[in-house]
Amino acid sequence: MKIEIINQRLYIKEPPETAEGTREYLKAEFNFSEDWSGLTKTAFFRGANGDIVPRLLEEDTCTVPAEVLAASGRVGVSVSGTLGETIITTDIESFFVPATLNGGTPSDPEPTLWQEVLDKLEKVSEVEKKVTELNERCDTIPTRVSQLENDSKYLPADGAISWGRKEGTDKGDRSVALGKDAEASGVYSFAEGELTKATGRGSHAEGFATVANQTASHAEGGGTIASGKYQHVQGKYNVEDTEGEYAHIVGGGADANNRRNIHTVDWDGNAEYAGDVIVNYDGNRIQVGAMLESLIDNHYMHRNIFRGRCLGESITAGQLAVIRDGSFADLYVGDYWEINGTKYRIADINYWKNVGYPESEKVQKPHILIVPDTILGNWQMHTSNSTSGGYRNSTMKNAALPKIISTLPNTFQNRIVTHRMFSDGTWFTTSVDLMNEVMVHGTYICADNNSRQTSDTQQLALFWLAPELKTIGVNYWLRNVAGSQTYTLISQYEDASSDMATSTYGVRPVFAIG
C-alpha cells in the first residue's frame, strides 16, 4: 500500500487489495515531503470497530496492524511526526476492507502433510526461543528505533545513555555520553569522544577535551570551548567567547595556554580572518588582504579616501609620529580633531611637498593640511576698498591672521609647518593663510586674470572627495584679488562670488601640521 504525505495532507496512492482477518501481511509504505525530515513518525490506524492502533515507522514503513483488519469495513489512516516540542499531524484517509469466509471445522490433513506442519512449528519455536534469549540480554543498547519505546525492555526514553561516562559527574536528563570520560550533565546534552563536556541544555561536545557549556552550543575538534548560546566552535584551542559575541569560531591555538582564533563570524554576519582571504575572480586568485595592504600602507591612497572619523581632542604622540614618518597610518582625509566645539579636519596630505623657491626652501617634511569646518572669526580683507599690493599686503594677512594664529589650539601651535608660497607676483614665507579659489573649486572663477599665478595649483582632496564641505552656512573670504576694489569669497549658498575689500566676512584658514 503506497501512501504520500505532502505537508499535512495524506493521500493513499495505491489502495490495498486485502480482506478481513489479514495478519502480518499488508505493508504500508510512506513517502514524506521535506518538512518531515528528521522527525520521528508514527502511523495511526483506525479499524471498522473504532479501535485505534499506532505503529512507529521504521524507514517510513510499517505492517498494518491485524487488529484493524479483523473486521470488514473502512480503515482510517493518519500520521504524526515529533521532534522535541514540534509536532506535525495529517488528515485522515481510509480504505475499504471486504469481508471473507471463515469458520467451520477443517478435515484432518494427510499424515505426510501433518508431519510437515509439525516440523515447521518446531523450527518456529526454536527461533522464538532464540529471540527471547536475545531480548533478555539486550537491555542496554537498542538495535531498532522501536526498542526505545517506554514499554519495551530496552532503553527508556526518559533515561540516559552511558557508555564511557565520566564517573562522579552529573547525568543530564535524557543525555548521552559515549567514549572515554565523557561528561553530559546538561539536559538533553550529548558528549562523545575523550574528556568532552556538554553542560548546556541541548549542547553537544565532541572530539578531545572540548566544552559546550551554553544552551544549544556545539564544540568540536580539540580543546575548543563554546560559551555562547547557539554558538558553534571548531578547530583547536580557540579564545573563549564569554560575551556570546560570535555565532561561529574556528580556533587555531597551540594548546590550552596559547589560545588563538583564526576565523570568527559575529551575529551580524561580520567575518574576520587571521590570515588572508583569496577570491577567485575571472580565473585569477586575488589575495584580498594583500590587495588592501597595498592600498592602506600606501600613503598616497590616504588622500584618496574620505573617512570622517573623530581623532580625539588633541594630536596624540602616535598620530604625530605617523605624520612625521610619512606613513600617515590610520589617518585619512576627512578625519578631524574636535576642540572646543570646532572640528579641525584633515584637508590633504603632503600638499606642499617639494613646493618652494629657492630650491633649498622647498618643503620636504611630511605634513597634513588642516581646514576648520567653521570660521574662526570675522574680518575685513582691507581697511580701504583697494586691492593694491594684493593679499600679501592686505589687512587680513598682516593683522587678522596673526590674531587667528594666536587663538589656535595649543595642540597645533608649535607644530605648524612654514612654507614658501607664490602670490601677488612674489615668493614669501608663510604658515597660516586663506585658501584660494583653486584650493576650493579646483579652478579660478572670479579671480582677476592678472593675479592668478600661484604655487597652490590643485584642489584640496577634502573638497573633491566631499564637495558639500565647501559650504558652511556663512560667507567666508578667499585670498584672490577679483578687481581693483574686490576680493573673492565663498557665499553661504556655495557659489563663487566677490565683494568689496572693506566688507566683513568669515575667516576660514588653512595650515599644515608636521
# chains A, B, ... in the order shown; residues from 1 in each chain; ligands from 1
call {"tool": "residues_around", "arguments": {"residues": "A:Lys470", "least_positions_apart": "3", "cutoff": "10 Å", "atoms": "only C-alpha atoms", "output": "list in words"}}
result
Asp373, Val440, His441, Leu462, Phe463, Trp464, Ala466, Pro467, Gly473, Ile490, Ser491, Gln492, Tyr493, Glu494 and Asp495 of chain A
call {"tool": "select_by_dssp", "arguments": {"residues": "stretch 216-338 of chain A", "states": "helix (DSSP H, G or I)", "output": "PyMOL selection string"}}
result
chain A and resi 288-296+299-302+317-324
call {"tool": "closest_residue", "arguments": {"among": "A:Ile513, A:Leu292, A:Asn257, A:Glu167", "to": "A:Ile278", "atoms": "only C-alpha atoms"}}
result
A:Leu292
call {"tool": "residues_around", "arguments": {"residues": "stretch 443-445 of chain A", "least_positions_apart": "6", "cutoff": "10 Å", "atoms": "only C-alpha atoms", "output": "list in words"}}
result
Asn436, Glu437, Arg452, Thr457, Gln458, Gln459, Asn480, Ala482, Thr488, Asp495, Ala496 and Ser497 of chain A
call {"tool": "write_last_selection", "arguments": {"atoms": "C-alpha atoms", "output": "PDB file, in the first residue's frame"}}
result
ATOM      1  CA  ASN A 436      42.481  80.464  -2.872  1.00  0.00           C
ATOM      2  CA  GLU A 437      39.836  79.592  -5.481  1.00  0.00           C
ATOM      3  CA  ARG A 452      46.206  84.105 -10.884  1.00  0.00           C
ATOM      4  CA  THR A 457      47.747  74.810  -8.007  1.00  0.00           C
ATOM      5  CA  GLN A 458      45.393  71.937  -7.168  1.00  0.00           C
ATOM      6  CA  GLN A 459      42.093  71.435  -5.387  1.00  0.00           C
ATOM      7  CA  ASN A 480      42.354  86.034  -4.688  1.00  0.00           C
ATOM      8  CA  ALA A 482      38.865  89.903  -8.059  1.00  0.00           C
ATOM      9  CA  THR A 488      36.922  86.575  -3.926  1.00  0.00           C
ATOM     10  CA  ASP A 495      28.519  79.985  -5.197  1.00  0.00           C
ATOM     11  CA  ALA A 496      31.797  81.642  -6.169  1.00  0.00           C
ATOM     12  CA  SER A 497      31.477  85.366  -5.503  1.00  0.00           C
TER      13      SER A 497
END
call {"tool": "closest_residue", "arguments": {"among": "A:Ala461, A:Gly356, A:Ala184, A:Thr40", "to": "A:Thr426", "atoms": "only C-alpha atoms"}}
result
A:Gly356
call {"tool": "select_by_dssp", "arguments": {"residues": "stretch 211-376 of chain A", "states": "strand (DSSP E)", "output": "VMD selection string"}}
result
chain A and resid 211 to 212 218 to 219 225 to 226 232 to 236 246 to 252 261 to 266 271 to 273 278 to 281 284 to 287 336 to 339 342 to 349 368 to 372
call {"tool": "atom_distance", "arguments": {"atom1": "atom CA of A:Val79", "atom2": "atom CA of A:Arg174"}}
result
25.2 Å
call {"tool": "residues_around", "arguments": {"residues": "stretch 224-229 of chain A", "least_positions_apart": "6", "cutoff": "9 Å", "atoms": "only C-alpha atoms", "output": "JSON, numbers by chain"}}
result
{"A": [200, 205, 208, 209, 210, 211, 212, 213, 214, 215, 216, 217, 218, 235, 236, 237, 238, 239, 240, 241, 242, 243, 244, 245, 246, 247, 249, 250, 251, 256]}
call {"tool": "closest_residue", "arguments": {"among": "A:Gly506, A:Pro409, A:Pro402, A:Gly21", "to": "A:Lys343", "atoms": "only C-alpha atoms"}}
result
A:Pro409
call {"tool": "atom_distance", "arguments": {"atom1": "atom CA of A:Leu376", "atom2": "atom CA of A:Glu468"}}
result
19.1 Å
call {"tool": "decode", "arguments": {"residues": "stretch 407-423 of chain A", "atoms": "all heavy atoms", "output": "compact mmCIF listing (two decimals), in the first residue's frame"}}
result
# COMPACT_ATOMS: atom_id res chain seq x y z
N THR A 407 45.00 82.22 18.46
CA THR A 407 43.86 81.57 19.11
C THR A 407 43.74 80.08 18.75
O THR A 407 42.84 79.41 19.26
CB THR A 407 42.55 82.27 18.70
OG1 THR A 407 42.34 82.13 17.29
CG2 THR A 407 42.58 83.74 19.07
N LEU A 408 44.62 79.59 17.88
CA LEU A 408 44.56 78.17 17.53
C LEU A 408 44.85 77.31 18.75
O LEU A 408 45.62 77.71 19.64
CB LEU A 408 45.57 77.85 16.42
CG LEU A 408 45.25 78.39 15.02
CD1 LEU A 408 46.40 78.09 14.07
CD2 LEU A 408 43.95 77.80 14.50
N PRO A 409 44.28 76.13 18.85
CA PRO A 409 44.53 75.24 19.99
C PRO A 409 46.02 74.95 20.16
O PRO A 409 46.77 74.88 19.18
CB PRO A 409 43.76 73.97 19.62
CG PRO A 409 42.68 74.44 18.69
CD PRO A 409 43.30 75.56 17.91
N ASN A 410 46.43 74.77 21.40
CA ASN A 410 47.84 74.52 21.70
C ASN A 410 48.38 73.28 20.99
O ASN A 410 49.58 73.22 20.68
CB ASN A 410 48.04 74.37 23.21
CG ASN A 410 47.80 75.66 23.95
OD1 ASN A 410 47.97 76.74 23.38
ND2 ASN A 410 47.39 75.57 25.20
N THR A 411 47.52 72.32 20.73
CA THR A 411 47.98 71.08 20.09
C THR A 411 48.51 71.34 18.69
O THR A 411 49.27 70.53 18.14
CB THR A 411 46.86 70.03 20.06
OG1 THR A 411 47.40 68.76 19.72
CG2 THR A 411 45.76 70.41 19.07
N PHE A 412 48.12 72.50 18.08
CA PHE A 412 48.60 72.86 16.75
C PHE A 412 49.72 73.90 16.78
O PHE A 412 50.55 73.94 15.87
CB PHE A 412 47.46 73.42 15.90
CG PHE A 412 46.31 72.47 15.70
CD1 PHE A 412 45.01 72.91 15.88
CD2 PHE A 412 46.52 71.16 15.33
CE1 PHE A 412 43.94 72.05 15.69
CE2 PHE A 412 45.46 70.30 15.14
CZ PHE A 412 44.16 70.73 15.32
N GLN A 413 49.75 74.75 17.80
CA GLN A 413 50.59 75.96 17.81
C GLN A 413 52.05 75.69 17.45
O GLN A 413 52.61 76.34 16.57
CB GLN A 413 50.51 76.63 19.19
CG GLN A 413 49.20 77.33 19.47
CD GLN A 413 49.13 78.71 18.85
OE1 GLN A 413 50.06 79.18 18.23
NE2 GLN A 413 47.98 79.36 18.99
N ASN A 414 52.71 74.76 18.14
CA ASN A 414 54.15 74.55 17.92
C ASN A 414 54.44 73.46 16.89
O ASN A 414 55.56 72.96 16.82
CB ASN A 414 54.84 74.20 19.25
CG ASN A 414 54.28 72.93 19.89
OD1 ASN A 414 53.27 72.40 19.42
ND2 ASN A 414 54.93 72.47 20.95
N ARG A 415 53.43 73.08 16.12
CA ARG A 415 53.63 72.04 15.11
C ARG A 415 53.27 72.53 13.71
O ARG A 415 53.22 71.75 12.77
CB ARG A 415 52.78 70.82 15.46
CG ARG A 415 53.24 70.15 16.75
CD ARG A 415 52.22 69.22 17.31
NE ARG A 415 52.73 68.57 18.53
CZ ARG A 415 51.98 67.97 19.44
NH1 ARG A 415 50.66 67.96 19.29
NH2 ARG A 415 52.52 67.41 20.49
N ILE A 416 53.02 73.83 13.56
CA ILE A 416 52.65 74.39 12.26
C ILE A 416 53.87 74.43 11.35
O ILE A 416 54.96 74.87 11.75
CB ILE A 416 52.05 75.79 12.43
CG1 ILE A 416 50.73 75.70 13.21
CG2 ILE A 416 51.80 76.43 11.07
CD1 ILE A 416 50.09 77.04 13.48
N VAL A 417 53.70 73.97 10.12
CA VAL A 417 54.79 73.94 9.14
C VAL A 417 54.79 75.25 8.35
O VAL A 417 53.77 75.64 7.77
CB VAL A 417 54.60 72.75 8.17
CG1 VAL A 417 55.66 72.79 7.07
CG2 VAL A 417 54.66 71.43 8.93
N THR A 418 55.92 75.94 8.35
CA THR A 418 56.06 77.12 7.49
C THR A 418 56.49 76.66 6.10
O THR A 418 57.14 75.63 5.93
CB THR A 418 57.10 78.10 8.05
OG1 THR A 418 58.36 77.43 8.17
CG2 THR A 418 56.68 78.61 9.42
N HIS A 419 56.12 77.44 5.08
CA HIS A 419 56.45 77.05 3.72
C HIS A 419 56.54 78.30 2.85
O HIS A 419 56.13 79.40 3.26
CB HIS A 419 55.38 76.10 3.15
CG HIS A 419 54.02 76.73 3.04
ND1 HIS A 419 53.21 76.98 4.13
CD2 HIS A 419 53.32 77.18 1.95
CE1 HIS A 419 52.08 77.54 3.73
NE2 HIS A 419 52.13 77.68 2.42
N ARG A 420 57.09 78.14 1.67
CA ARG A 420 57.20 79.24 0.73
C ARG A 420 55.98 79.22 -0.19
O ARG A 420 55.58 78.18 -0.71
CB ARG A 420 58.47 79.11 -0.10
CG ARG A 420 59.74 79.19 0.73
CD ARG A 420 60.08 80.61 1.10
NE ARG A 420 60.60 81.36 -0.03
CZ ARG A 420 60.85 82.65 -0.02
NH1 ARG A 420 60.61 83.38 1.08
NH2 ARG A 420 61.33 83.25 -1.09
N MET A 421 55.35 80.39 -0.39
CA MET A 421 54.16 80.49 -1.23
C MET A 421 54.35 81.60 -2.25
O MET A 421 54.88 82.67 -1.94
CB MET A 421 52.92 80.78 -0.37
CG MET A 421 51.64 80.88 -1.19
SD MET A 421 50.17 81.04 -0.12
CE MET A 421 50.35 82.74 0.43
N PHE A 422 53.90 81.34 -3.50
CA PHE A 422 53.95 82.37 -4.53
C PHE A 422 52.57 83.02 -4.63
O PHE A 422 51.57 82.35 -4.87
CB PHE A 422 54.33 81.79 -5.89
CG PHE A 422 54.55 82.84 -6.93
CD1 PHE A 422 55.81 83.42 -7.09
CD2 PHE A 422 53.51 83.26 -7.76
CE1 PHE A 422 56.01 84.40 -8.06
CE2 PHE A 422 53.72 84.25 -8.71
CZ PHE A 422 54.97 84.82 -8.87
N SER A 423 52.52 84.34 -4.43
CA SER A 423 51.27 85.09 -4.52
C SER A 423 51.59 86.55 -4.79
O SER A 423 52.61 87.06 -4.31
CB SER A 423 50.49 84.96 -3.21
OG SER A 423 49.27 85.66 -3.27
